[in-house]
file structure03.txt (compact mmCIF, C-alpha atoms)
# COMPACT_ATOMS: atom_id res chain seq x y z
CA MET U 972 86.03 89.31 162.01
CA LYS U 973 83.82 92.36 161.30
CA GLN U 974 86.91 94.54 161.06
CA GLY U 975 88.45 92.08 158.60
CA ILE U 976 85.31 92.10 156.43
CA ALA U 977 85.17 95.90 156.50
CA MET U 978 88.83 96.11 155.53
CA CYS U 979 88.29 93.70 152.63
CA ARG U 980 85.38 95.78 151.40
CA THR U 981 87.48 98.92 151.61
CA ILE U 982 90.33 97.32 149.69
CA ALA U 983 87.89 96.03 147.07
CA ALA U 984 86.37 99.49 146.65
CA VAL U 985 89.77 101.15 146.36
CA THR U 986 90.90 98.50 143.88
CA ALA U 987 87.79 99.06 141.76
CA VAL U 988 88.44 102.79 141.68
CA MET U 989 92.06 102.17 140.73
CA LEU U 990 91.02 99.86 137.91
CA VAL U 991 88.63 102.48 136.55
CA VAL U 992 91.33 105.14 136.65
CA VAL U 993 93.88 102.89 134.98
CA GLY U 994 91.36 101.88 132.33
CA CYS U 995 90.63 105.51 131.52
CA ALA U 996 94.31 106.32 131.34
CA GLN U 997 94.93 103.51 128.85
CA SER U 998 91.99 104.29 126.56
CA PRO U 999 92.83 106.07 123.30
CA THR U 1000 92.25 109.80 123.37
CA ARG U 1001 89.10 110.64 121.39
CA GLU U 1002 88.72 114.18 120.16
CA GLY U 1003 87.50 116.10 117.15
CA ALA U 1004 87.62 114.10 113.95
CA GLY U 1005 88.96 111.12 115.86
CA ALA U 1006 85.75 110.54 117.80
CA GLY U 1007 84.67 107.34 116.10
CA TYR U 1008 82.91 105.81 113.10
CA ALA U 1009 79.85 103.66 112.58
CA ILE U 1010 79.42 101.12 109.78
CA ASP U 1011 76.85 101.83 107.07
CA ALA U 1012 75.96 98.20 106.42
CA ALA U 1013 73.59 99.12 103.55
CA TRP U 1014 76.46 100.45 101.40
CA PRO U 1015 76.97 99.56 98.61
CA LYS U 1016 73.70 98.31 97.13
CA PRO U 1017 73.67 94.78 95.65
CA LEU U 1018 75.29 94.57 92.22
CA PRO U 1019 73.16 93.88 89.12
CA ASN U 1020 73.80 91.37 86.31
CA ASN U 1021 74.72 88.51 88.63
CA TRP U 1022 78.00 90.35 89.32
CA THR U 1023 80.25 89.79 92.29
CA LEU U 1024 83.54 91.28 93.47
CA GLY U 1025 86.96 89.72 93.78
CA GLN U 1026 89.64 91.25 95.97
CA VAL U 1027 88.96 95.00 96.12
CA ALA U 1028 92.47 96.37 95.75
CA GLY U 1029 91.85 100.10 95.35
CA ILE U 1030 89.29 102.73 96.34
CA ALA U 1031 89.07 106.46 95.56
CA VAL U 1032 86.51 109.24 95.97
CA ASP U 1033 85.99 111.91 93.31
CA ALA U 1034 84.88 115.56 93.59
CA ARG U 1035 81.19 114.55 93.46
CA ASP U 1036 81.60 112.10 96.34
CA HIS U 1037 81.33 109.19 93.93
CA VAL U 1038 83.32 106.16 95.01
CA TRP U 1039 85.49 104.25 92.54
CA LEU U 1040 86.76 100.71 93.06
CA ILE U 1041 89.21 98.54 91.23
CA HIS U 1042 88.91 94.85 92.00
CA ARG U 1043 90.53 91.62 90.84
CA PRO U 1044 88.14 89.39 88.85
CA LYS U 1045 90.76 86.63 88.62
CA THR U 1046 90.73 86.16 92.41
CA LEU U 1047 87.22 84.70 92.45
CA ILE U 1048 87.21 81.03 93.40
CA ASP U 1049 84.85 78.50 91.81
CA GLU U 1050 82.36 78.74 94.68
CA GLU U 1051 82.02 82.47 93.97
CA LYS U 1052 81.72 82.33 90.18
CA GLY U 1053 79.56 79.26 89.61
CA ALA U 1054 77.58 80.88 86.79
CA ALA U 1055 80.76 81.65 84.86
CA LEU U 1056 82.04 78.07 84.77
CA SER U 1057 81.57 75.79 81.78
CA PRO U 1058 79.18 74.20 82.31
CA PRO U 1059 77.72 76.50 84.99
CA ARG U 1060 77.67 74.90 88.44
CA ALA U 1061 75.26 77.40 90.02
CA LYS U 1062 72.92 80.29 89.25
CA CYS U 1063 75.36 82.85 90.61
CA CYS U 1064 77.79 84.55 89.99
CA VAL U 1065 80.06 86.16 87.39
CA ALA U 1066 82.87 88.65 87.91
CA ALA U 1067 81.98 92.31 87.71
CA PRO U 1068 84.10 94.52 85.41
CA PRO U 1069 87.26 95.57 87.28
CA VAL U 1070 86.50 99.33 87.56
CA ILE U 1071 83.24 100.31 89.26
CA GLU U 1072 81.68 103.66 90.19
CA PHE U 1073 79.11 104.07 92.98
CA ASP U 1074 77.34 107.17 94.25
CA ALA U 1075 77.34 108.11 97.93
CA GLU U 1076 74.18 106.04 98.51
CA GLY U 1077 75.81 102.95 97.06
CA ASN U 1078 74.02 102.86 93.71
CA LEU U 1079 76.10 101.49 90.86
CA LEU U 1080 76.67 104.12 88.16
CA ARG U 1081 79.29 102.67 85.79
CA ALA U 1082 81.48 99.60 85.36
CA TRP U 1083 84.19 98.93 82.79
CA GLY U 1084 87.78 97.85 82.31
CA GLY U 1085 89.87 94.91 81.26
CA PRO U 1086 91.99 94.18 78.18
CA GLY U 1087 91.46 96.44 75.15
CA GLN U 1088 93.08 98.07 72.15
CA GLY U 1089 96.02 100.44 72.56
CA TYR U 1090 97.04 99.62 76.13
CA GLU U 1091 98.33 96.80 78.32
CA TRP U 1092 95.86 95.70 81.00
CA PHE U 1093 97.10 94.14 84.24
CA GLU U 1094 97.62 90.64 85.44
CA ASN U 1095 96.66 91.73 88.99
CA GLU U 1096 94.77 95.01 89.47
CA HIS U 1097 95.95 97.30 92.27
CA GLY U 1098 95.64 101.09 92.70
CA ILE U 1099 93.07 103.65 91.55
CA TYR U 1100 93.08 107.46 91.58
CA VAL U 1101 90.69 110.13 90.25
CA ASP U 1102 92.36 113.32 89.05
CA GLY U 1103 91.00 116.87 89.07
CA GLN U 1104 89.40 116.46 85.64
CA GLY U 1105 87.62 113.28 86.73
CA ASN U 1106 89.91 110.97 84.77
CA ILE U 1107 90.65 107.55 86.25
CA TRP U 1108 94.19 106.27 86.78
CA VAL U 1109 94.68 102.56 87.53
CA GLY U 1110 97.60 100.24 88.11
CA GLY U 1111 98.59 96.64 88.82
CA ASN U 1112 101.12 94.85 90.99
CA ASP U 1113 101.78 91.49 89.34
CA PRO U 1114 105.50 90.82 88.61
CA LYS U 1115 104.65 91.71 85.00
CA ASP U 1116 102.72 94.90 85.83
CA HIS U 1117 105.03 97.89 85.46
CA GLN U 1118 102.51 100.33 83.97
CA LEU U 1119 99.81 102.84 84.89
CA LEU U 1120 96.79 103.54 82.69
CA LYS U 1121 94.62 106.64 82.38
CA PHE U 1122 90.98 106.54 81.23
CA THR U 1123 88.02 108.89 80.96
CA PRO U 1124 85.23 108.24 83.49
CA ASP U 1125 83.45 106.24 80.77
CA GLY U 1126 86.47 103.99 80.26
CA LYS U 1127 87.97 105.52 77.13
CA PHE U 1128 91.74 104.95 77.10
CA LEU U 1129 93.86 108.12 77.25
CA MET U 1130 97.44 107.32 78.29
CA GLN U 1131 99.87 104.65 79.46
CA VAL U 1132 102.91 105.28 81.66
CA GLY U 1133 105.51 102.50 81.78
CA ARG U 1134 105.47 99.17 79.98
CA ALA U 1135 104.29 95.71 80.95
CA GLU U 1136 107.13 93.25 81.58
CA GLN U 1137 109.75 96.02 81.36
CA THR U 1138 111.44 97.40 84.47
CA GLY U 1139 114.80 98.96 85.16
CA GLY U 1140 115.31 99.12 88.91
CA SER U 1141 114.83 101.83 91.49
CA ASN U 1142 117.02 104.42 89.74
CA SER U 1143 115.57 104.07 86.25
CA THR U 1144 114.27 107.33 84.77
CA THR U 1145 112.22 105.63 82.04
CA LEU U 1146 110.61 102.51 83.55
CA LEU U 1147 108.50 101.68 86.61
CA GLY U 1148 108.62 98.69 88.95
CA ARG U 1149 105.18 97.38 89.93
CA PRO U 1150 103.74 100.79 90.93
CA ALA U 1151 101.29 100.65 93.82
CA HIS U 1152 99.63 104.07 94.00
CA MET U 1153 99.60 107.49 92.40
CA GLN U 1154 98.45 111.10 92.91
CA ILE U 1155 98.66 114.26 90.81
CA ASP U 1156 99.73 117.64 92.13
CA ALA U 1157 97.39 119.88 90.14
CA ALA U 1158 99.41 123.03 90.89
CA THR U 1159 102.49 121.69 89.12
CA ASN U 1160 100.86 119.05 86.90
CA GLU U 1161 103.17 116.42 88.40
CA LEU U 1162 102.33 112.75 88.85
CA TYR U 1163 103.65 111.21 92.09
CA ILE U 1164 103.97 107.42 92.05
CA ALA U 1165 104.57 105.01 94.93
CA ASP U 1166 106.88 102.69 93.01
CA GLY U 1167 106.25 100.15 94.52
CA TYR U 1168 106.17 96.36 94.75
CA GLY U 1169 109.31 96.02 92.66
CA ASN U 1170 111.12 99.36 93.06
CA LYS U 1171 111.73 101.15 96.37
CA ARG U 1172 111.05 104.78 95.69
CA VAL U 1173 108.75 107.67 94.93
CA ILE U 1174 109.06 108.86 91.33
CA VAL U 1175 107.64 112.11 89.96
CA LEU U 1176 106.68 112.54 86.29
CA ASP U 1177 105.03 115.18 84.16
CA ALA U 1178 101.36 114.23 84.36
CA THR U 1179 100.67 115.09 80.71
CA THR U 1180 103.71 113.66 78.94
CA GLY U 1181 105.08 111.15 81.45
CA ALA U 1182 108.50 112.84 81.27
CA TYR U 1183 110.81 112.12 84.21
CA LYS U 1184 111.22 114.84 86.87
CA ARG U 1185 112.86 113.30 89.98
CA HIS U 1186 112.79 110.37 92.38
CA TRP U 1187 113.92 109.45 95.88
CA GLY U 1188 114.05 106.62 98.39
CA ALA U 1189 113.79 106.46 102.17
CA TYR U 1190 114.96 109.58 104.04
CA GLY U 1191 115.15 111.37 100.67
CA LYS U 1192 118.28 109.44 99.66
CA ALA U 1193 118.98 107.64 96.41
CA PRO U 1194 117.13 104.30 96.54
CA SER U 1195 118.88 100.96 96.53
CA ASP U 1196 117.58 97.58 95.41
CA GLU U 1197 119.71 95.81 98.01
CA LYS U 1198 117.60 93.32 99.95
CA LEU U 1199 117.39 94.32 103.61
CA PRO U 1200 115.33 92.79 106.42
CA MET U 1201 111.76 94.06 106.67
CA TYR U 1202 109.93 95.36 109.75
CA ASN U 1203 112.72 97.80 110.60
CA PRO U 1204 111.36 101.32 111.23
CA GLN U 1205 114.91 102.66 111.06
CA SER U 1206 115.79 100.96 107.77
CA PRO U 1207 117.91 103.14 105.47
CA GLN U 1208 115.68 102.21 102.53
CA PHE U 1209 112.06 101.51 101.79
CA ALA U 1210 110.88 97.93 101.89
CA ASN U 1211 108.59 96.48 99.26
CA PRO U 1212 105.97 97.59 98.79
CA VAL U 1213 106.18 101.37 98.79
CA HIS U 1214 102.41 101.27 99.06
CA CYS U 1215 100.96 104.80 99.07
CA VAL U 1216 101.83 108.37 98.23
CA ARG U 1217 99.52 111.18 99.44
CA LEU U 1218 99.90 114.95 99.07
CA ALA U 1219 98.67 117.17 101.89
CA ASN U 1220 97.33 120.70 101.41
CA ASP U 1221 100.46 122.19 103.02
CA GLY U 1222 102.70 120.65 100.35
CA LEU U 1223 104.01 117.72 102.36
CA VAL U 1224 104.22 114.27 100.76
CA TYR U 1225 103.28 111.22 102.86
CA VAL U 1226 104.64 107.81 101.85
CA CYS U 1227 103.50 104.44 103.23
CA ASP U 1228 106.52 102.20 103.81
CA ARG U 1229 104.24 99.30 104.56
CA ALA U 1230 106.54 96.46 105.63
CA ASN U 1231 108.72 98.78 107.73
CA ASN U 1232 105.63 99.84 109.75
CA ARG U 1233 106.14 103.52 109.10
CA VAL U 1234 105.00 106.60 107.22
CA GLN U 1235 107.71 108.97 106.01
CA VAL U 1236 107.02 112.63 105.26
CA PHE U 1237 108.83 114.73 102.65
CA LYS U 1238 108.79 118.05 100.92
CA LYS U 1239 107.85 117.90 97.25
CA ASP U 1240 111.51 117.99 96.21
CA GLY U 1241 112.19 114.82 98.21
CA THR U 1242 113.68 116.48 101.29
CA PHE U 1243 112.98 114.27 104.30
CA VAL U 1244 110.95 115.93 107.07
CA LYS U 1245 110.00 113.25 109.63
CA GLN U 1246 108.58 109.78 110.06
CA PHE U 1247 105.91 108.10 112.16
CA VAL U 1248 106.00 104.47 113.28
CA PHE U 1249 102.81 102.45 113.80
CA GLU U 1250 102.35 99.03 115.40
CA ASP U 1251 106.07 98.38 115.14
CA LYS U 1252 105.74 94.73 116.21
CA SER U 1253 103.58 93.91 113.18
CA LEU U 1254 105.07 91.33 110.86
CA GLY U 1255 103.34 89.79 107.87
CA SER U 1256 102.45 92.63 105.54
CA GLY U 1257 103.31 95.44 107.95
CA SER U 1258 101.03 98.15 109.30
CA SER U 1259 101.12 101.17 106.97
CA PHE U 1260 98.99 100.25 103.96
CA ASP U 1261 97.32 103.54 103.01
CA LEU U 1262 96.17 106.85 104.45
CA VAL U 1263 93.86 109.76 103.73
CA PHE U 1264 93.67 113.18 105.32
CA SER U 1265 90.71 114.64 107.19
CA ASN U 1266 88.79 117.13 105.09
CA ASP U 1267 89.13 120.19 107.33
CA ALA U 1268 91.26 122.95 105.77
CA GLN U 1269 94.21 122.22 108.05
CA GLN U 1270 93.91 118.43 107.57
CA LYS U 1271 94.54 118.04 111.27
CA TYR U 1272 94.26 114.26 111.13
CA PHE U 1273 94.98 111.38 108.84
CA TYR U 1274 93.35 107.97 108.81
CA LEU U 1275 95.75 105.06 108.45
CA ALA U 1276 94.63 101.72 107.02
CA ASP U 1277 96.52 98.92 108.80
CA GLY U 1278 95.93 95.70 106.89
CA THR U 1279 97.84 93.38 109.19
CA ASN U 1280 95.97 94.33 112.35
CA ASP U 1281 92.86 95.13 110.29
CA GLN U 1282 92.16 98.48 111.86
CA VAL U 1283 91.84 102.15 110.95
CA LEU U 1284 93.87 104.53 113.10
CA THR U 1285 92.99 108.19 113.56
CA VAL U 1286 96.32 110.01 113.74
CA GLU U 1287 97.15 113.61 114.63
CA ARG U 1288 99.02 114.71 111.53
CA GLU U 1289 101.51 117.07 113.15
CA SER U 1290 102.67 114.75 115.92
CA GLY U 1291 101.83 111.28 114.62
CA ARG U 1292 99.94 110.58 117.85
CA VAL U 1293 97.27 107.89 117.55
CA LEU U 1294 94.00 109.25 118.90
CA SER U 1295 91.63 106.35 118.32
CA SER U 1296 91.05 103.27 116.23
CA PHE U 1297 88.31 100.99 114.98
CA GLY U 1298 88.16 97.57 113.38
CA ARG U 1299 89.52 94.08 113.97
CA PRO U 1300 89.95 90.96 111.84
CA GLY U 1301 86.66 89.32 110.97
CA ARG U 1302 83.87 88.85 108.46
CA TYR U 1303 81.11 90.85 110.15
CA ALA U 1304 80.16 94.32 108.98
CA GLY U 1305 82.70 96.80 110.32
CA GLN U 1306 85.45 94.20 110.58
CA PHE U 1307 88.17 93.59 108.00
CA LEU U 1308 90.09 90.82 106.28
CA VAL U 1309 93.20 92.44 104.80
CA LEU U 1310 92.24 96.10 104.83
CA HIS U 1311 94.11 97.45 101.81
CA ASN U 1312 93.05 100.98 100.74
CA ILE U 1313 91.03 103.83 102.21
CA GLY U 1314 89.15 106.86 100.86
CA ILE U 1315 87.28 109.83 102.32
CA ASP U 1316 84.45 112.02 100.97
CA SER U 1317 83.53 115.65 101.59
CA LYS U 1318 81.28 114.73 104.53
CA GLY U 1319 84.02 112.81 106.30
CA ASN U 1320 82.69 109.36 105.48
CA LEU U 1321 85.46 106.76 105.19
CA TYR U 1322 85.49 104.01 102.56
CA THR U 1323 87.61 100.88 102.84
CA ALA U 1324 88.71 98.15 100.44
CA GLU U 1325 89.72 94.59 101.36
CA VAL U 1326 91.87 92.05 99.54
CA GLY U 1327 92.75 88.54 100.76
CA SER U 1328 89.49 86.74 101.41
CA GLY U 1329 87.76 90.00 102.40
CA LYS U 1330 86.72 90.91 98.83
CA ARG U 1331 84.50 93.86 99.70
CA ALA U 1332 84.21 97.61 100.18
CA GLN U 1333 82.65 99.22 103.25
CA LYS U 1334 81.45 102.68 104.28
CA PHE U 1335 81.86 104.22 107.75
CA ARG U 1336 80.02 107.35 108.88
CA PRO U 1337 81.35 109.72 111.56
CA ALA U 1338 79.61 108.66 114.74
CA ASP U 1339 79.20 112.16 116.21

call {"tool": "encode", "arguments": {"input": "structure03.txt", "output": "structure tokens"}}
result
Amino acid sequence: MKQGIAMCRTIAAVTAVMLVVVGCAQSPTREGAGAGYAIDAAWPKPLPNNWTLGQVAGIAVDARDHVWLIHRPKTLIDEEKGAALSPPRAKCCVAAPPVIEFDAEGNLLRAWGGPGQGYEWFENEHGIYVDGQGNIWVGGNDPKDHQLLKFTPDGKFLMQVGRAEQTGGSNSTTLLGRPAHMQIDAATNELYIADGYGNKRVIVLDATTGAYKRHWGAYGKAPSDEKLPMYNPQSPQFANPVHCVRLANDGLVYVCDRANNRVQVFKKDGTFVKQFVFEDKSLGSGSSFDLVFSNDAQQKYFYLADGTNDQVLTVERESGRVLSSFGRPGRYAGQFLVLHNIGIDSKGNLYTAEVGSGKRAQKFRPAD
């Protein structure tokens, strides 16, 4: 009997050691910039003027580490906008203006946007980008929204690219198709557009005039508007939406093919380089919503916003290897409900934006 007890204890001890070893082997590698993030639950500060946010569709960080949001006032339900109803049903709240600027501490600095003279505002706000001069580019993704708008930081209208309610398919050289995201290459003064929810391509325009330069689809081929099944990481074309376009310091262009659960990488002329697949079993909206690069000179990592699994992945940029992750679906601070866009500041803080019923922005500080 004693021998049997001793043997059981030995087996239990060995099993425990084996479980520890296996657990360590299965844990994500955590190194360098991938070592983890902690929520800053005090960011941003409460909004003034009885304002509240709808779905926060876009987020961007400027050269001063100011954080810009674009949200969707029309997505507020009656319980959230009681003061705006006629007659009012509650003391709070009313929709904030759609474009909002915060400083790094979360103080509100400016808010503006909406319909005005000389341009066509959106039915459903979507992307936001701050260029090297501090100007603000915004877009929309409603079936009528085929335009991008450029404003000064104070909200003065400067330029419109594309036309509302006018689209010409994925090989048009004059019209857009529900563009999702944009970035300017300052060296060449070229505007790269993830185009988008209607079209299935990246299109490049002159950033000053809007003149057409080039475009491409998946694998650098001519895009097609043929309807193919989604969730196929080997699909010969992008799915809708082509959700982000990001330019790395080394000249590579990263494109989020959201519903095909992949990121494709190109040279600036559209030559295909490689692709990375993430959470390939994800259905729904797919896994590859947005990404930003780490702010070291080599941009060794990128941070991928996955809005179906509601997590941020730290990815080694050269290999596509996932090093760590944080987040899960939920309403608590640090959790997400439809994580949609991501930004990064000069100190490595990450900023996230949520649509669906999330309707908020959050800040995460490097934990080490």

call {"tool": "closest_residue", "arguments": {"input": "structure03.txt", "among": "U:Ala1135, U:Val1175, U:Ile1099, U:Val1236", "to": "Lys1115 in chain U", "atoms": "only C-alpha atoms"}}
result
U:Ala1135

call {"tool": "atom_distance", "arguments": {"input": "structure03.txt", "atom1": "CA of Thr1285 in chain U", "atom2": "CA of Ser1265 in chain U"}}
result
9.3 Å

call {"tool": "residues_around", "arguments": {"input": "structure03.txt", "residues": "Ala1157 in chain U", "least_positions_apart": "6", "cutoff": "10 Å", "atoms": "only C-alpha atoms", "output": "VMD selection string"}}
result
chain U and resid 1102 to 1104 1178

call {"tool": "closest_residue", "arguments": {"input": "structure03.txt", "among": "U:Asp1011, U:Asp1049, U:Asp1156, U:Glu1072", "to": "Gly1126 in chain U", "atoms": "all atoms listed in the file"}}
result
U:Glu1072

call {"tool": "atom_distance", "arguments": {"input": "structure03.txt", "atom1": "CA of Ser1143 in chain U", "atom2": "CA of Gly1241 in chain U"}}
result
16.4 Å

call {"tool": "residues_around", "arguments": {"input": "structure03.txt", "residues": "Val1027 in chain U", "least_positions_apart": "2", "cutoff": "9 Å", "atoms": "all atoms listed in the file", "output": "list in words"}}
result
Leu1024, Gly1025, Gly1029, Ile1030, Leu1040, Ile1041, His1042, Arg1043, Glu1096, His1097, His1311, Asn1312, Ala1324, Glu1325, Val1326, Gly1327, Gly1329, Lys1330, Arg1331 and Ala1332 of chain U

call {"tool": "atom_distance", "arguments": {"input": "structure03.txt", "atom1": "CA of Ile1048 in chain U", "atom2": "CA of Ala1012 in chain U"}}
result
24.3 Å

call {"tool": "closest_residue", "arguments": {"input": "structure03.txt", "among": "U:Thr1279, U:Asn1095, U:Ser1295, U:Asn1170", "to": "Gly1140 in chain U", "atoms": "all atoms listed in the file"}}
result
U:Asn1170

call {"tool": "residues_near_point", "arguments": {"input": "structure03.txt", "point": "(101.3, 100.8, 98.1)", "cutoff": "6 Å", "atoms": "all atoms listed in the file", "output": "PyMOL selection string"}}
result
chain U and resi 1151-1152+1212-1215

call {"tool": "closest_residue", "arguments": {"input": "structure03.txt", "among": "U:Pro1337, U:Lys1239, U:Asp1113, U:Leu1262", "to": "Tyr1163 in chain U", "atoms": "all atoms listed in the file"}}
result
U:Lys1239

call {"tool": "closest_residue", "arguments": {"input": "structure03.txt", "among": "U:Pro1300, U:Pro1019, U:Pro1124, U:Gly1167", "to": "Asn1106 in chain U", "atoms": "only C-alpha atoms"}}
result
U:Pro1124

call {"tool": "residues_around", "arguments": {"input": "structure03.txt", "residues": "Asn1203 in chain U", "least_positions_apart": "3", "cutoff": "8 Å", "atoms": "all atoms listed in the file", "output": "ChimeraX atom specification"}}
result
/U:1200,1206,1231-1232

call {"tool": "write_last_selection", "arguments": {"input": "structure03.txt", "atoms": "C-alpha atoms", "output": "PDB file, in the frame of the given file"}}
result
ATOM      1  CA  PRO U1200     115.330  92.790 106.420  1.00  0.00           C
ATOM      2  CA  SER U1206     115.790 100.960 107.770  1.00  0.00           C
ATOM      3  CA  ASN U1231     108.720  98.780 107.730  1.00  0.00           C
ATOM      4  CA  ASN U1232     105.630  99.840 109.750  1.00  0.00           C
TER       5      ASN U1232
END

call {"tool": "residues_around", "arguments": {"input": "structure03.txt", "residues": "Phe1247 in chain U", "least_positions_apart": "6", "cutoff": "6 Å", "atoms": "only C-alpha atoms", "output": "ChimeraX atom specification"}}
result
/U:1233-1234,1291

call {"tool": "closest_residue", "arguments": {"input": "structure03.txt", "among": "U:Arg1288, U:Arg1035, U:Arg1229, U:Lys1016", "to": "Pro1204 in chain U", "atoms": "all atoms listed in the file"}}
result
U:Arg1229

call {"tool": "residues_near_point", "arguments": {"input": "structure03.txt", "point": "(101.4, 110.5, 96.9)", "cutoff": "8 Å", "atoms": "only C-alpha atoms", "output": "short mmCIF file (atom, residue, chain, number, x, y, z; two decimals) with C-alpha atoms, in the coordinates of the input"}}
result
data_model
loop_
_atom_site.label_atom_id
_atom_site.label_comp_id
_atom_site.auth_asym_id
_atom_site.auth_seq_id
_atom_site.Cartn_x
_atom_site.Cartn_y
_atom_site.Cartn_z
CA HIS U 1152 99.63 104.07 94.00
CA MET U 1153 99.60 107.49 92.40
CA GLN U 1154 98.45 111.10 92.91
CA ILE U 1155 98.66 114.26 90.81
CA TYR U 1163 103.65 111.21 92.09
CA ILE U 1164 103.97 107.42 92.05
CA ALA U 1165 104.57 105.01 94.93
CA CYS U 1215 100.96 104.80 99.07
CA VAL U 1216 101.83 108.37 98.23
CA ARG U 1217 99.52 111.18 99.44
CA LEU U 1218 99.90 114.95 99.07
CA VAL U 1224 104.22 114.27 100.76
CA TYR U 1225 103.28 111.22 102.86
CA VAL U 1226 104.64 107.81 101.85
#

call {"tool": "residues_around", "arguments": {"input": "structure03.txt", "residues": "Gly1301 in chain U", "least_positions_apart": "5", "cutoff": "9 Å", "atoms": "all atoms listed in the file", "output": "list in words"}}
result
Asp1281, Gln1306, Phe1307, Leu1308 and Gly1329 of chain U

call {"tool": "decode", "arguments": {"input": "structure03.txt", "residues": "range 1040-1045 of chain U", "atoms": "all heavy atoms", "output": "PDB file, in the first residue's frame"}}
result
ATOM      1  N   LEU U1040     -10.049  61.463 -33.048  1.00  0.00           N
ATOM      2  CA  LEU U1040     -11.091  60.460 -33.255  1.00  0.00           C
ATOM      3  C   LEU U1040     -12.073  60.941 -34.303  1.00  0.00           C
ATOM      4  O   LEU U1040     -12.321  62.138 -34.442  1.00  0.00           O
ATOM      5  CB  LEU U1040     -11.899  60.226 -31.968  1.00  0.00           C
ATOM      6  CG  LEU U1040     -11.201  59.973 -30.648  1.00  0.00           C
ATOM      7  CD1 LEU U1040     -12.251  59.774 -29.561  1.00  0.00           C
ATOM      8  CD2 LEU U1040     -10.294  58.770 -30.750  1.00  0.00           C
ATOM      9  N   ILE U1041     -12.660  60.001 -35.013  1.00  0.00           N
ATOM     10  CA  ILE U1041     -13.889  60.280 -35.751  1.00  0.00           C
ATOM     11  C   ILE U1041     -14.915  59.256 -35.283  1.00  0.00           C
ATOM     12  O   ILE U1041     -14.644  58.055 -35.251  1.00  0.00           O
ATOM     13  CB  ILE U1041     -13.691  60.255 -37.282  1.00  0.00           C
ATOM     14  CG1 ILE U1041     -14.985  60.700 -37.983  1.00  0.00           C
ATOM     15  CG2 ILE U1041     -13.203  58.915 -37.782  1.00  0.00           C
ATOM     16  CD1 ILE U1041     -14.802  61.018 -39.464  1.00  0.00           C
ATOM     17  N   HIS U1042     -16.081  59.770 -34.851  1.00  0.00           N
ATOM     18  CA  HIS U1042     -17.121  58.874 -34.372  1.00  0.00           C
ATOM     19  C   HIS U1042     -18.408  59.111 -35.150  1.00  0.00           C
ATOM     20  O   HIS U1042     -18.488  60.000 -36.000  1.00  0.00           O
ATOM     21  CB  HIS U1042     -17.326  59.038 -32.853  1.00  0.00           C
ATOM     22  CG  HIS U1042     -18.190  60.192 -32.466  1.00  0.00           C
ATOM     23  ND1 HIS U1042     -19.486  60.053 -32.025  1.00  0.00           N
ATOM     24  CD2 HIS U1042     -17.943  61.532 -32.437  1.00  0.00           C
ATOM     25  CE1 HIS U1042     -19.997  61.236 -31.743  1.00  0.00           C
ATOM     26  NE2 HIS U1042     -19.088  62.151 -31.987  1.00  0.00           N
ATOM     27  N   ARG U1043     -19.408  58.290 -34.856  1.00  0.00           N
ATOM     28  CA  ARG U1043     -20.652  58.266 -35.625  1.00  0.00           C
ATOM     29  C   ARG U1043     -21.814  58.745 -34.756  1.00  0.00           C
ATOM     30  O   ARG U1043     -22.453  57.946 -34.047  1.00  0.00           O
ATOM     31  CB  ARG U1043     -20.917  56.844 -36.125  1.00  0.00           C
ATOM     32  CG  ARG U1043     -19.852  56.339 -37.075  1.00  0.00           C
ATOM     33  CD  ARG U1043     -19.977  54.831 -37.307  1.00  0.00           C
ATOM     34  NE  ARG U1043     -19.028  54.388 -38.323  1.00  0.00           N
ATOM     35  CZ  ARG U1043     -18.730  53.108 -38.563  1.00  0.00           C
ATOM     36  NH1 ARG U1043     -19.315  52.140 -37.844  1.00  0.00           N
ATOM     37  NH2 ARG U1043     -17.865  52.792 -39.501  1.00  0.00           N
ATOM     38  N   PRO U1044     -22.128  60.034 -34.776  1.00  0.00           N
ATOM     39  CA  PRO U1044     -23.225  60.542 -33.938  1.00  0.00           C
ATOM     40  C   PRO U1044     -24.547  59.838 -34.187  1.00  0.00           C
ATOM     41  O   PRO U1044     -25.356  59.676 -33.256  1.00  0.00           O
ATOM     42  CB  PRO U1044     -23.293  62.024 -34.323  1.00  0.00           C
ATOM     43  CG  PRO U1044     -21.909  62.357 -34.796  1.00  0.00           C
ATOM     44  CD  PRO U1044     -21.429  61.120 -35.484  1.00  0.00           C
ATOM     45  N   LYS U1045     -24.797  59.411 -35.419  1.00  0.00           N
ATOM     46  CA  LYS U1045     -26.087  58.797 -35.745  1.00  0.00           C
ATOM     47  C   LYS U1045     -26.275  57.421 -35.106  1.00  0.00           C
ATOM     48  O   LYS U1045     -27.389  56.883 -35.120  1.00  0.00           O
ATOM     49  CB  LYS U1045     -26.248  58.671 -37.266  1.00  0.00           C
ATOM     50  CG  LYS U1045     -26.354  59.992 -38.005  1.00  0.00           C
ATOM     51  CD  LYS U1045     -26.470  59.759 -39.502  1.00  0.00           C
ATOM     52  CE  LYS U1045     -26.506  61.057 -40.287  1.00  0.00           C
ATOM     53  NZ  LYS U1045     -26.556  60.820 -41.750  1.00  0.00           N
TER      54      LYS U1045
END
